[in-house]
file input02.cif (mmCIF, C-alpha atoms)
data_data
#
loop_
_atom_site.label_atom_id
_atom_site.label_comp_id
_atom_site.auth_asym_id
_atom_site.auth_seq_id
_atom_site.Cartn_x
_atom_site.Cartn_y
_atom_site.Cartn_z
CA MET A 109 -102.42 -144.88 4.74
CA SER A 110 -102.74 -148.33 3.25
CA PRO A 111 -103.06 -148.77 -0.53
CA GLU A 112 -106.63 -149.89 -0.12
CA GLN A 113 -107.49 -146.80 1.88
CA ILE A 114 -105.94 -144.64 -0.81
CA ILE A 115 -108.05 -146.33 -3.48
CA VAL A 116 -111.25 -146.06 -1.48
CA GLY A 117 -110.45 -142.41 -0.73
CA ALA A 118 -109.90 -141.75 -4.42
CA LEU A 119 -113.15 -143.49 -5.25
CA ASP A 120 -115.04 -141.32 -2.76
CA ARG A 121 -113.42 -138.18 -4.05
CA TYR A 122 -113.26 -138.66 -7.80
CA GLU A 123 -116.07 -141.09 -8.57
CA ARG A 124 -118.59 -138.48 -9.68
CA MET A 125 -116.05 -136.35 -11.47
CA LEU A 126 -114.81 -139.35 -13.39
CA VAL A 127 -118.30 -140.53 -14.29
CA SER A 128 -119.09 -137.06 -15.57
CA TYR A 129 -115.84 -136.89 -17.50
CA ALA A 130 -116.27 -140.36 -18.96
CA ARG A 131 -119.83 -139.52 -19.90
CA GLU A 132 -118.52 -136.61 -21.87
CA ILE A 133 -116.54 -139.09 -23.94
CA THR A 134 -118.86 -142.09 -24.15
CA GLY A 135 -122.08 -140.15 -24.44
CA ASP A 136 -124.02 -142.40 -22.10
CA LEU A 137 -124.09 -142.95 -18.39
CA ASP A 138 -123.82 -146.75 -18.32
CA SER A 139 -120.66 -146.81 -20.43
CA ALA A 140 -119.25 -144.00 -18.33
CA ARG A 141 -119.88 -145.98 -15.15
CA ASP A 142 -118.27 -149.05 -16.69
CA ALA A 143 -115.24 -146.97 -17.64
CA VAL A 144 -114.92 -145.65 -14.11
CA GLN A 145 -115.19 -149.14 -12.61
CA GLU A 146 -112.53 -150.36 -15.00
CA THR A 147 -110.35 -147.40 -14.01
CA PHE A 148 -110.50 -148.29 -10.34
CA LEU A 149 -109.94 -151.97 -11.03
CA ARG A 150 -106.79 -151.03 -12.92
CA LEU A 151 -105.78 -148.81 -10.05
CA SER A 152 -106.17 -151.70 -7.63
CA ARG A 153 -103.65 -153.68 -9.67
CA GLN A 154 -101.06 -150.90 -9.46
CA ASP A 155 -98.50 -149.92 -6.90
CA VAL A 156 -100.77 -147.31 -5.38
CA ILE A 157 -98.22 -145.96 -2.93
CA SER A 158 -95.80 -144.91 -5.63
CA LEU A 159 -98.65 -143.70 -7.82
CA GLU A 160 -100.22 -141.52 -5.13
CA PRO A 161 -98.39 -138.25 -5.87
CA ARG A 162 -99.78 -138.20 -9.41
CA LEU A 163 -102.93 -140.14 -8.75
CA ARG A 164 -105.37 -137.53 -10.04
CA PRO A 165 -103.97 -137.15 -13.57
CA TRP A 166 -103.43 -140.93 -13.70
CA LEU A 167 -107.10 -141.55 -12.89
CA PHE A 168 -108.28 -139.16 -15.56
CA LEU A 169 -105.85 -140.53 -18.11
CA VAL A 170 -106.92 -144.13 -17.54
CA CYS A 171 -110.57 -143.19 -17.30
CA ARG A 172 -110.25 -141.40 -20.61
CA ASN A 173 -108.69 -144.45 -22.24
CA CYS A 174 -111.37 -146.72 -20.82
CA ALA A 175 -114.10 -144.36 -21.97
CA LEU A 176 -112.57 -144.17 -25.44
CA ASP A 177 -112.52 -147.98 -25.55
CA HIS A 178 -116.20 -148.02 -24.67
CA ARG A 179 -116.90 -145.41 -27.28
CA ARG A 180 -115.12 -147.47 -29.91
CA LYS A 181 -117.22 -150.48 -28.96
CA VAL A 182 -120.47 -148.57 -29.09
CA VAL A 183 -120.18 -145.97 -31.81
CA ARG A 184 -122.58 -143.45 -30.53
CA PHE A 185 -121.36 -140.14 -29.43
CA SER A 186 -123.93 -137.65 -28.36
CA THR A 187 -123.25 -134.02 -29.01
CA GLU A 188 -126.50 -133.18 -27.34
CA PRO A 189 -126.29 -131.28 -24.10
CA VAL A 190 -126.10 -133.70 -21.22
CA GLU A 191 -129.43 -133.73 -19.48
CA GLU A 192 -128.55 -133.02 -15.95
CA ALA A 193 -130.86 -131.62 -13.42
CA ALA A 194 -129.73 -128.14 -12.56
CA GLN A 195 -128.78 -128.32 -8.93
CA THR A 196 -128.53 -124.99 -7.28
CA SER A 197 -128.26 -123.99 -3.72
CA GLU A 198 -131.35 -124.49 -1.64
CA GLU A 199 -130.51 -121.32 0.22
CA MET A 200 -131.17 -119.07 -2.78
CA PRO A 201 -134.43 -117.14 -3.03
CA PRO A 202 -136.74 -118.72 -5.63
CA ASP A 203 -136.41 -115.92 -8.19
CA VAL A 204 -132.60 -115.85 -7.94
CA ARG A 205 -132.51 -119.62 -8.09
CA ALA A 206 -134.65 -119.61 -11.23
CA ILE A 207 -132.25 -117.20 -12.92
CA ALA A 208 -129.25 -119.23 -11.77
CA GLU A 209 -130.81 -122.41 -13.09
CA GLU A 210 -131.51 -120.73 -16.38
CA ASP A 211 -127.95 -119.47 -16.59
CA ALA A 212 -126.58 -122.87 -15.68
CA ILE A 213 -128.61 -124.59 -18.37
CA ARG A 214 -127.56 -122.00 -20.90
CA LEU A 215 -123.90 -122.24 -20.00
CA ARG A 216 -124.00 -126.03 -20.15
CA GLY A 217 -125.56 -125.70 -23.57
CA LEU A 218 -122.73 -123.43 -24.65
CA VAL A 219 -120.13 -125.85 -23.28
CA SER A 220 -121.73 -128.78 -25.05
CA GLY A 221 -121.42 -126.85 -28.31
CA LEU A 222 -117.65 -126.68 -27.97
CA PRO A 223 -115.37 -129.13 -29.79
CA ARG A 224 -114.89 -132.36 -27.87
CA GLN A 225 -111.31 -131.68 -26.80
CA GLN A 226 -112.26 -128.31 -25.42
CA ARG A 227 -115.23 -129.80 -23.58
CA GLU A 228 -112.90 -132.35 -22.03
CA LEU A 229 -110.59 -129.60 -20.88
CA ILE A 230 -113.47 -127.64 -19.38
CA LYS A 231 -114.55 -130.75 -17.47
CA LEU A 232 -111.05 -131.49 -16.27
CA LYS A 233 -110.53 -127.93 -15.13
CA PHE A 234 -113.85 -127.10 -13.54
CA GLU A 235 -115.11 -130.44 -12.33
CA ALA A 236 -111.89 -132.18 -11.43
CA ASP A 237 -109.90 -129.02 -10.69
CA LEU A 238 -106.83 -130.30 -12.50
CA SER A 239 -103.96 -127.92 -13.13
CA TYR A 240 -102.63 -127.31 -16.64
CA LYS A 241 -99.79 -129.70 -15.89
CA GLU A 242 -102.12 -132.44 -14.67
CA MET A 243 -104.40 -131.96 -17.64
CA ALA A 244 -101.43 -132.26 -19.97
CA GLU A 245 -100.48 -135.49 -18.24
CA ALA A 246 -104.02 -136.85 -18.40
CA LEU A 247 -104.38 -136.01 -22.07
CA LYS A 248 -100.81 -136.89 -22.98
CA THR A 249 -100.15 -133.51 -24.47
CA SER A 250 -98.09 -130.43 -23.66
CA VAL A 251 -98.94 -127.78 -21.11
CA SER A 252 -98.87 -125.10 -23.79
CA THR A 253 -101.38 -127.04 -25.91
CA VAL A 254 -103.66 -127.28 -22.91
CA GLY A 255 -103.28 -123.55 -22.33
CA VAL A 256 -104.07 -122.67 -25.93
CA GLN A 257 -107.06 -125.00 -26.22
CA LEU A 258 -108.56 -123.94 -22.94
CA HIS A 259 -108.08 -120.32 -23.93
CA GLU A 260 -109.90 -121.01 -27.18
CA ALA A 261 -112.75 -122.60 -25.25
CA ILE A 262 -113.03 -119.71 -22.82
CA LYS A 263 -112.77 -117.22 -25.65
CA THR A 264 -115.67 -118.91 -27.46
CA LEU A 265 -117.76 -118.92 -24.30
CA ARG A 266 -116.82 -115.32 -23.64
CA ARG A 267 -118.23 -114.29 -26.98
CA GLN A 268 -121.50 -116.11 -26.34
CA TRP A 269 -121.96 -115.45 -22.67
CA PRO A 270 -123.76 -112.23 -21.73
CA HIS A 271 -121.45 -109.90 -19.91
CA GLU A 272 -123.16 -108.23 -17.01
CA ASN A 273 -120.21 -106.17 -16.05
CA THR A 274 -117.59 -105.13 -18.55
CA GLU A 275 -115.97 -102.51 -16.41
CA ILE A 276 -112.24 -102.43 -16.59
CA LEU A 277 -110.55 -104.02 -13.66
CA PRO A 278 -108.56 -101.70 -11.45
CA THR A 279 -104.87 -102.24 -11.95
CA MET Y 235 -107.24 -110.71 -28.18
CA ASN Y 236 -105.66 -114.08 -28.68
CA ASP Y 237 -103.37 -114.37 -25.68
CA PRO Y 238 -103.59 -117.67 -23.76
CA ARG Y 239 -102.07 -115.91 -20.78
CA ILE Y 240 -105.42 -114.17 -20.19
CA THR Y 241 -107.17 -117.48 -19.54
CA ALA Y 242 -104.21 -118.83 -17.61
CA TYR Y 243 -104.27 -115.76 -15.39
CA ALA Y 244 -108.04 -115.99 -14.89
CA LEU Y 245 -107.61 -119.62 -13.90
CA ASN Y 246 -104.76 -118.76 -11.54
CA GLU Y 247 -102.35 -120.91 -13.51
CA MET Y 248 -99.54 -118.40 -13.72
CA ARG Y 249 -96.70 -118.25 -11.26
CA GLY Y 250 -93.62 -116.21 -10.49
CA ASP Y 251 -91.95 -114.20 -13.20
CA GLU Y 252 -94.49 -115.16 -15.82
CA ARG Y 253 -97.27 -113.78 -13.68
CA GLU Y 254 -95.39 -110.58 -12.91
CA LYS Y 255 -94.63 -110.05 -16.58
CA PHE Y 256 -98.28 -110.52 -17.49
CA GLU Y 257 -99.42 -108.11 -14.78
CA PHE Y 258 -96.96 -105.56 -16.08
CA ASP Y 259 -98.37 -105.94 -19.61
CA LEU Y 260 -101.90 -105.91 -18.26
CA ALA Y 261 -101.41 -102.56 -16.58
CA ALA Y 262 -100.52 -100.97 -19.89
CA ASP Y 263 -103.22 -102.50 -22.07
CA THR Y 264 -106.91 -101.73 -21.56
CA ARG Y 265 -107.95 -104.27 -24.19
CA THR Y 266 -106.28 -107.04 -22.25
CA GLN Y 267 -107.97 -105.77 -19.10
CA THR Y 268 -111.40 -106.02 -20.76
CA ASP Y 269 -110.64 -109.51 -22.04
CA LEU Y 270 -109.49 -110.58 -18.63
CA GLN Y 271 -112.65 -109.18 -17.07
CA GLN Y 272 -114.81 -111.20 -19.46
CA ALA Y 273 -112.71 -114.32 -19.05
CA THR Y 274 -112.98 -114.04 -15.27
CA GLU Y 275 -116.78 -113.81 -15.53
CA VAL Y 276 -116.98 -116.91 -17.68
CA VAL Y 277 -114.56 -118.79 -15.45
CA GLY Y 278 -116.62 -117.83 -12.39
CA ALA Y 279 -119.84 -118.97 -14.04
CA LEU Y 280 -118.27 -122.23 -15.18
CA GLY Y 281 -116.94 -122.77 -11.69
CA GLN Y 282 -120.46 -122.55 -10.31
CA VAL Y 283 -122.13 -124.64 -12.95
CA MET Y 284 -119.56 -127.36 -13.56
CA THR Y 285 -118.57 -128.19 -10.01
CA GLN Y 286 -121.96 -129.53 -9.06
CA PRO Y 287 -121.73 -133.24 -8.40
CA GLY Y 288 -123.15 -135.45 -11.09
CA GLU Y 289 -124.07 -139.07 -10.86
CA GLY Y 290 -121.73 -141.67 -9.47
CA LEU Y 291 -121.74 -145.43 -9.63
CA GLU Y 292 -124.77 -147.46 -8.70
CA PRO Y 293 -124.62 -148.60 -5.06
CA GLN Y 294 -124.52 -152.30 -5.91
CA ALA Y 295 -121.86 -151.83 -8.54
CA ARG Y 296 -119.88 -149.76 -6.06
CA GLU Y 297 -120.02 -152.47 -3.42
CA LYS Y 298 -118.92 -155.07 -5.93
CA LEU Y 299 -116.11 -152.80 -7.07
CA LEU Y 300 -114.87 -152.32 -3.51
CA CYS Y 301 -114.77 -156.10 -3.00
CA GLU Y 302 -112.79 -156.58 -6.20
CA ILE Y 303 -110.42 -153.80 -5.22
CA ALA Y 304 -109.75 -155.49 -1.87
CA GLN Y 305 -109.17 -158.82 -3.61
CA ASN Y 306 -106.85 -157.31 -6.22
CA GLN Y 307 -104.87 -155.53 -3.56
CA LYS Y 308 -104.32 -158.79 -1.67
CA ILE Y 309 -103.04 -160.43 -4.83
CA PHE Y 310 -100.86 -157.43 -5.59
CA GLN Y 311 -99.33 -157.39 -2.13
CA ARG Y 312 -98.61 -161.12 -2.31
CA ARG Y 313 -96.91 -160.73 -5.68
CA ARG Y 314 -94.95 -157.81 -4.38
CA LYS Y 315 -93.60 -159.87 -1.50
CA ILE Y 316 -92.55 -162.60 -3.91
CA VAL Y 317 -90.84 -160.09 -6.16
CA ARG Y 318 -89.09 -158.48 -3.20
CA PHE Y 319 -87.63 -161.86 -2.29
CA ALA Y 320 -86.99 -163.18 -5.78
CA VAL Y 321 -85.24 -160.16 -7.25
CA PRO Y 322 -82.34 -160.03 -4.77
CA VAL Y 323 -81.93 -163.81 -4.98
CA ALA Y 324 -81.87 -163.70 -8.77
CA LEU Y 325 -79.42 -160.82 -8.72
CA ALA Y 326 -77.16 -162.62 -6.28
CA ALA Y 327 -77.26 -165.75 -8.42
CA ALA Y 328 -76.49 -163.77 -11.54
CA ALA Y 329 -73.63 -162.01 -9.77
CA SER Y 330 -72.23 -165.34 -8.62
CA ILE Y 331 -72.31 -166.70 -12.14
CA VAL Y 332 -70.60 -163.60 -13.48
CA VAL Y 333 -67.89 -163.85 -10.82
CA LEU Y 334 -67.35 -167.56 -11.54
CA LEU Y 335 -67.13 -166.96 -15.26
CA TRP Y 336 -64.73 -164.12 -14.70
CA VAL Y 337 -62.53 -166.17 -12.39
CA SER Y 338 -62.50 -169.19 -14.66
CA GLY Y 339 -61.83 -167.01 -17.70
CA GLY Y 340 -58.94 -165.20 -16.06
CA LYS Y 341 -56.87 -168.22 -15.03
CA THR Y 342 -54.06 -167.64 -17.54
CA THR Y 343 -53.32 -164.24 -16.11
CA GLN Y 344 -52.88 -165.40 -12.55
CA GLY Y 345 -49.25 -166.34 -12.49
CA PRO Y 346 -47.31 -169.55 -12.73
CA ALA Y 347 -49.15 -171.21 -9.88
CA MET Y 348 -52.44 -171.09 -11.75
CA ALA Y 349 -50.96 -172.51 -14.92
CA ALA Y 350 -49.40 -175.25 -12.89
CA ALA Y 351 -52.61 -175.96 -11.11
CA ASP Y 352 -54.25 -176.75 -14.43
CA GLY Y 353 -52.36 -179.97 -14.26
CA ALA Y 354 -54.58 -181.19 -11.46
CA LYS Y 355 -56.72 -184.17 -12.40
CA VAL Y 356 -60.01 -185.57 -11.23
CA SER Y 357 -60.28 -189.28 -11.43
CA ARG Y 358 -63.46 -191.29 -12.05
CA ASP Y 359 -63.91 -192.22 -8.42
CA GLY Y 360 -63.97 -188.60 -7.42
CA ASN Y 361 -60.43 -188.40 -6.12
CA LEU Y 362 -58.48 -185.39 -6.95
CA SER Y 363 -54.83 -185.35 -7.64
CA THR Y 364 -52.34 -182.75 -8.59
CA PRO Y 365 -48.63 -182.78 -9.15
CA VAL Y 366 -46.86 -182.66 -5.83
CA GLY Y 367 -43.95 -180.30 -5.54
CA PRO Y 368 -40.60 -181.03 -4.03
CA ASP Y 369 -41.14 -179.22 -0.76
CA SER Y 370 -44.42 -180.52 0.47
CA ALA Y 371 -43.61 -181.21 4.08
CA GLU Y 372 -43.25 -177.80 5.61
CA SER Y 373 -46.24 -176.02 7.02
CA THR Y 374 -49.67 -177.12 5.88
CA VAL Y 375 -52.54 -174.95 4.99
CA SER Y 376 -55.88 -176.64 4.69
CA SER Y 377 -59.10 -175.47 3.32
CA GLN Y 378 -62.37 -177.11 2.65
CA VAL Y 379 -64.28 -176.55 -0.45
CA ARG Y 380 -67.69 -177.98 -1.07
CA GLY Y 381 -68.81 -178.63 -4.59
CA ILE Y 382 -72.40 -178.47 -5.74
CA ASP Y 383 -72.97 -181.05 -8.40
CA SER Y 384 -73.11 -184.37 -6.58
CA SER Y 385 -73.53 -186.37 -9.78
CA SER Y 386 -70.15 -185.17 -10.89
CA GLY Y 387 -68.54 -185.95 -7.58
CA ALA Y 388 -68.18 -182.33 -6.76
CA GLY Y 389 -70.70 -182.51 -3.98
CA ARG Y 390 -68.19 -184.05 -1.64
CA THR Y 391 -66.03 -182.23 0.77
CA ILE Y 392 -62.57 -181.84 -0.50
CA ARG Y 393 -59.68 -181.19 1.80
CA MET Y 394 -56.75 -179.52 0.28
CA SER Y 395 -53.43 -179.36 1.96
CA GLU Y 396 -50.63 -177.27 0.75
CA SER Y 397 -47.08 -176.68 1.71
CA GLY Y 398 -45.37 -173.50 2.63
CA ARG Y 399 -47.02 -170.23 3.42
CA ALA Y 400 -48.76 -170.19 0.10
CA ALA Y 401 -52.45 -170.71 0.59
CA TRP Y 402 -54.60 -172.04 -2.15
CA GLU Y 403 -58.16 -171.58 -2.91
CA MET Y 404 -59.79 -174.37 -4.83
CA ARG Y 405 -63.02 -173.85 -6.61
CA ALA Y 406 -65.27 -176.85 -6.80
CA ASP Y 407 -68.58 -175.56 -7.93
CA THR Y 408 -71.02 -176.14 -10.75
CA ASN Y 409 -68.18 -175.85 -13.22
CA PHE Y 410 -66.49 -178.72 -11.53
CA SER Y 411 -67.17 -182.21 -12.82
CA LEU Y 412 -65.48 -185.53 -13.23
CA THR Y 413 -64.83 -184.80 -16.84
CA SER Y 414 -63.18 -181.52 -16.07
CA PRO Y 415 -59.46 -181.92 -16.50
CA ALA Y 416 -58.61 -179.08 -14.22
CA VAL Y 417 -59.34 -178.20 -10.67
CA ARG Y 418 -59.11 -174.51 -10.64
CA MET Y 419 -56.73 -173.17 -8.10
CA LYS Y 420 -55.85 -169.67 -7.30
CA PRO Y 421 -53.03 -168.57 -5.05
CA LEU Y 422 -54.21 -166.36 -2.25
CA ILE Y 423 -50.61 -165.62 -1.26
CA TRP Y 424 -47.88 -166.00 -3.70
CA ASP Y 425 -44.19 -165.85 -3.05
CA GLU Y 426 -41.75 -167.02 -5.65
CA GLU Y 427 -39.36 -168.26 -2.99
CA LEU Y 428 -41.90 -170.50 -1.32
CA PRO Y 429 -42.52 -174.06 -2.41
CA ARG Y 430 -45.02 -174.10 -5.22
CA TRP Y 431 -46.60 -177.47 -4.98
CA GLY Y 432 -48.76 -178.94 -2.41
CA GLY Y 433 -50.76 -182.10 -2.27
CA PHE Y 434 -54.37 -182.41 -1.53
CA HIS Y 435 -56.61 -185.33 -1.12
CA HIS Y 436 -60.26 -186.07 -1.25
CA GLU Y 437 -62.12 -187.15 1.91
#
call {"tool": "encode", "arguments": {"input": "input02.cif", "output": "structure tokens"}}
result
Amino acid sequence: MSPEQIIVGALDRYERMLVSYAREITGDLDSARDAVQETFLRLSRQDVISLEPRLRPWLFLVCRNCALDHRRKVVRFSTEPVEEAAQTSEEMPPDVRAIAEEDAIRLRGLVSGLPRQQRELIKLKFEADLSYKEMAEALKTSVSTVGVQLHEAIKTLRRQWPHENTEILPT
Amino acid sequence: MNDPRITAYALNEMRGDEREKFEFDLAADTRTQTDLQQATEVVGALGQVMTQPGEGLEPQAREKLLCEIAQNQKIFQRRRKIVRFAVPVALAAAASIVVLLWVSGGKTTQGPAMAAADGAKVSRDGNLSTPVGPDSAESTVSSQVRGIDSSSGAGRTIRMSESGRAAWEMRADTNFSLTSPAVRMKPLIWDEELPRWGGFHHE
């Protein structure tokens, strides 16, 4: 695979995740898109072949830095829930879909109420599917810190999220 | 319960011994089991909600970005080729300089022949002369050394002839100039019983 193919592949794969992640930091879509473009431009000036094994955390690390730069330039950070259209499967029956959409909106609302660092971790874990190690690399912190903060986030959501089934798991 | 292992387990982030240890603890603690159940529910719900694709770049911006990426990559590859060539050359040059400095600095430790060779002179017209020993007519060993600095006369080919089985290596390089009082010579073979002095002339 040529370096250019690797970059284009990464763009196809991570573009939306990175825009979403950057938006979490900048608070607006345009700045997030700018940050992602800047990220890929920086990538194109790197030795992509040697970077490939740790490309994912690198992208999120650089995207984060770019987004923080944008945020510093435009001091406006929205703590409002990001207005995203709830996209659920078209295959669901309408009533189930309505409930799922409602749940999705509610859960997003709960996530947006978390501290910024925890929101970032949630995004990195569930949108980008980064491991603890990759998240630690992207955020320049330790794996244990990632574990503790993510646990705090999940614990907060656990308290607020309605539990349909609290049966004890079979051991 | 404030145990980060619960979330790590729910997210499938535990491996090996750590995982086994947690499962062992889990089996004995119903509170941890309840917490894990709740954490798994939240993780499952987040997995459904958060993985939906959001917005990407605008198509025009994306096209422009791809062009710039291609351009940057061309520049990067070109620079890389230059670096690949330049680094070994620079290293070789640096190594040569180090060797030359080391050789020129170590002349006093190279036996009587070297000390004697310091008596060699370079005249203004570029001719080289050195004291000629008493037994200069036996066998002759010749070598050619090419200097580098033409302004100093060192750019000319110098033929050195030497008597006996002792072979001499003469260094006429960037260190060599008309003002240099010494032509550095190093014996490649040294035998005390062989004639020490040879003559050499400049072509």
call {"tool": "closest_atom_pairs", "arguments": {"input": "input02.cif", "of": "chain Y", "to": "chain A", "cutoff": "8 Å", "atoms": "all atoms listed in the file", "output": "JSON lines"}}
result
{"residue": "Y:Asp237", "atom": "CA", "partner": "A:His259", "partner_atom": "CA", "distance": 7.8}
{"residue": "Y:Pro238", "atom": "CA", "partner": "A:His259", "partner_atom": "CA", "distance": 5.2}
{"residue": "Y:Arg239", "atom": "CA", "partner": "A:Gly255", "partner_atom": "CA", "distance": 7.9}
{"residue": "Y:Ile240", "atom": "CA", "partner": "A:His259", "partner_atom": "CA", "distance": 7.7}
{"residue": "Y:Thr241", "atom": "CA", "partner": "A:His259", "partner_atom": "CA", "distance": 5.3}
{"residue": "Y:Ala242", "atom": "CA", "partner": "A:Gly255", "partner_atom": "CA", "distance": 6.7}
{"residue": "Y:Glu247", "atom": "CA", "partner": "A:Tyr240", "partner_atom": "CA", "distance": 7.1}
{"residue": "Y:Leu260", "atom": "CA", "partner": "A:Thr279", "partner_atom": "CA", "distance": 7.9}
{"residue": "Y:Ala261", "atom": "CA", "partner": "A:Thr279", "partner_atom": "CA", "distance": 5.8}
{"residue": "Y:Thr264", "atom": "CA", "partner": "A:Ile276", "partner_atom": "CA", "distance": 7.3}
{"residue": "Y:Gln267", "atom": "CA", "partner": "A:Ile276", "partner_atom": "CA", "distance": 6.0}
{"residue": "Y:Thr268", "atom": "CA", "partner": "A:Ile276", "partner_atom": "CA", "distance": 5.6}
{"residue": "Y:Gln271", "atom": "CA", "partner": "A:Leu277", "partner_atom": "CA", "distance": 6.5}
{"residue": "Y:Gln272", "atom": "CA", "partner": "A:Arg266", "partner_atom": "CA", "distance": 6.2}
{"residue": "Y:Ala273", "atom": "CA", "partner": "A:Arg266", "partner_atom": "CA", "distance": 6.2}
{"residue": "Y:Glu275", "atom": "CA", "partner": "A:His271", "partner_atom": "CA", "distance": 7.5}
{"residue": "Y:Val276", "atom": "CA", "partner": "A:Arg266", "partner_atom": "CA", "distance": 6.2}
{"residue": "Y:Val277", "atom": "CA", "partner": "A:Ile262", "partner_atom": "CA", "distance": 7.6}
{"residue": "Y:Ala279", "atom": "CA", "partner": "A:Leu215", "partner_atom": "CA", "distance": 7.9}
{"residue": "Y:Leu280", "atom": "CA", "partner": "A:Phe234", "partner_atom": "CA", "distance": 6.8}
{"residue": "Y:Gly281", "atom": "CA", "partner": "A:Phe234", "partner_atom": "CA", "distance": 5.6}
{"residue": "Y:Val283", "atom": "CA", "partner": "A:Ala212", "partner_atom": "CA", "distance": 5.5}
{"residue": "Y:Met284", "atom": "CA", "partner": "A:Glu235", "partner_atom": "CA", "distance": 5.5}
{"residue": "Y:Thr285", "atom": "CA", "partner": "A:Glu235", "partner_atom": "CA", "distance": 4.7}
{"residue": "Y:Gln286", "atom": "CA", "partner": "A:Gln195", "partner_atom": "CA", "distance": 6.9}
{"residue": "Y:Pro287", "atom": "CA", "partner": "A:Arg124", "partner_atom": "CA", "distance": 6.2}
{"residue": "Y:Gly288", "atom": "CA", "partner": "A:Arg124", "partner_atom": "CA", "distance": 5.7}
{"residue": "Y:Glu289", "atom": "CA", "partner": "A:Arg124", "partner_atom": "CA", "distance": 5.6}
{"residue": "Y:Gly290", "atom": "CA", "partner": "A:Arg124", "partner_atom": "CA", "distance": 4.5}
{"residue": "Y:Leu291", "atom": "CA", "partner": "A:Arg141", "partner_atom": "CA", "distance": 5.9}
{"residue": "Y:Leu299", "atom": "CA", "partner": "A:Gln145", "partner_atom": "CA", "distance": 6.7}
{"residue": "Y:Leu300", "atom": "CA", "partner": "A:Val116", "partner_atom": "CA", "distance": 7.5}
{"residue": "Y:Glu302", "atom": "CA", "partner": "A:Leu149", "partner_atom": "CA", "distance": 7.3}
{"residue": "Y:Ile303", "atom": "CA", "partner": "A:Ser152", "partner_atom": "CA", "distance": 5.3}
{"residue": "Y:Ala304", "atom": "CA", "partner": "A:Glu112", "partner_atom": "CA", "distance": 6.6}
{"residue": "Y:Asn306", "atom": "CA", "partner": "A:Ser152", "partner_atom": "CA", "distance": 5.8}
{"residue": "Y:Gln307", "atom": "CA", "partner": "A:Ser152", "partner_atom": "CA", "distance": 5.7}
{"residue": "Y:Phe310", "atom": "CA", "partner": "A:Arg153", "partner_atom": "CA", "distance": 6.2}
call {"tool": "write_last_selection", "arguments": {"input": "input02.cif", "atoms": "C-alpha atoms", "output": "CSV table (one decimal), keeping the file's coordinate frame"}}
result
chain,number,residue,atom,x,y,z
Y,237,ASP,CA,-103.4,-114.4,-25.7
Y,238,PRO,CA,-103.6,-117.7,-23.8
Y,239,ARG,CA,-102.1,-115.9,-20.8
Y,240,ILE,CA,-105.4,-114.2,-20.2
Y,241,THR,CA,-107.2,-117.5,-19.5
Y,242,ALA,CA,-104.2,-118.8,-17.6
Y,247,GLU,CA,-102.4,-120.9,-13.5
Y,260,LEU,CA,-101.9,-105.9,-18.3
Y,261,ALA,CA,-101.4,-102.6,-16.6
Y,264,THR,CA,-106.9,-101.7,-21.6
Y,267,GLN,CA,-108.0,-105.8,-19.1
Y,268,THR,CA,-111.4,-106.0,-20.8
Y,271,GLN,CA,-112.6,-109.2,-17.1
Y,272,GLN,CA,-114.8,-111.2,-19.5
Y,273,ALA,CA,-112.7,-114.3,-19.0
Y,275,GLU,CA,-116.8,-113.8,-15.5
Y,276,VAL,CA,-117.0,-116.9,-17.7
Y,277,VAL,CA,-114.6,-118.8,-15.4
Y,279,ALA,CA,-119.8,-119.0,-14.0
Y,280,LEU,CA,-118.3,-122.2,-15.2
Y,281,GLY,CA,-116.9,-122.8,-11.7
Y,283,VAL,CA,-122.1,-124.6,-13.0
Y,284,MET,CA,-119.6,-127.4,-13.6
Y,285,THR,CA,-118.6,-128.2,-10.0
Y,286,GLN,CA,-122.0,-129.5,-9.1
Y,287,PRO,CA,-121.7,-133.2,-8.4
Y,288,GLY,CA,-123.2,-135.4,-11.1
Y,289,GLU,CA,-124.1,-139.1,-10.9
Y,290,GLY,CA,-121.7,-141.7,-9.5
Y,291,LEU,CA,-121.7,-145.4,-9.6
Y,299,LEU,CA,-116.1,-152.8,-7.1
Y,300,LEU,CA,-114.9,-152.3,-3.5
Y,302,GLU,CA,-112.8,-156.6,-6.2
Y,303,ILE,CA,-110.4,-153.8,-5.2
Y,304,ALA,CA,-109.8,-155.5,-1.9
Y,306,ASN,CA,-106.8,-157.3,-6.2
Y,307,GLN,CA,-104.9,-155.5,-3.6
Y,310,PHE,CA,-100.9,-157.4,-5.6
call {"tool": "atom_distance", "arguments": {"input": "input02.cif", "atom1": "CA of Arg314 in chain Y", "atom2": "CA of Ile157 in chain A"}}
result
12.4 Å
call {"tool": "atom_distance", "arguments": {"input": "input02.cif", "atom1": "CA of Thr147 in chain A", "atom2": "CA of Cys171 in chain A"}}
result
5.3 Å
call {"tool": "atom_distance", "arguments": {"input": "input02.cif", "atom1": "CA of Leu247 in chain A", "atom2": "CA of Ser110 in chain A"}}
result
28.2 Å
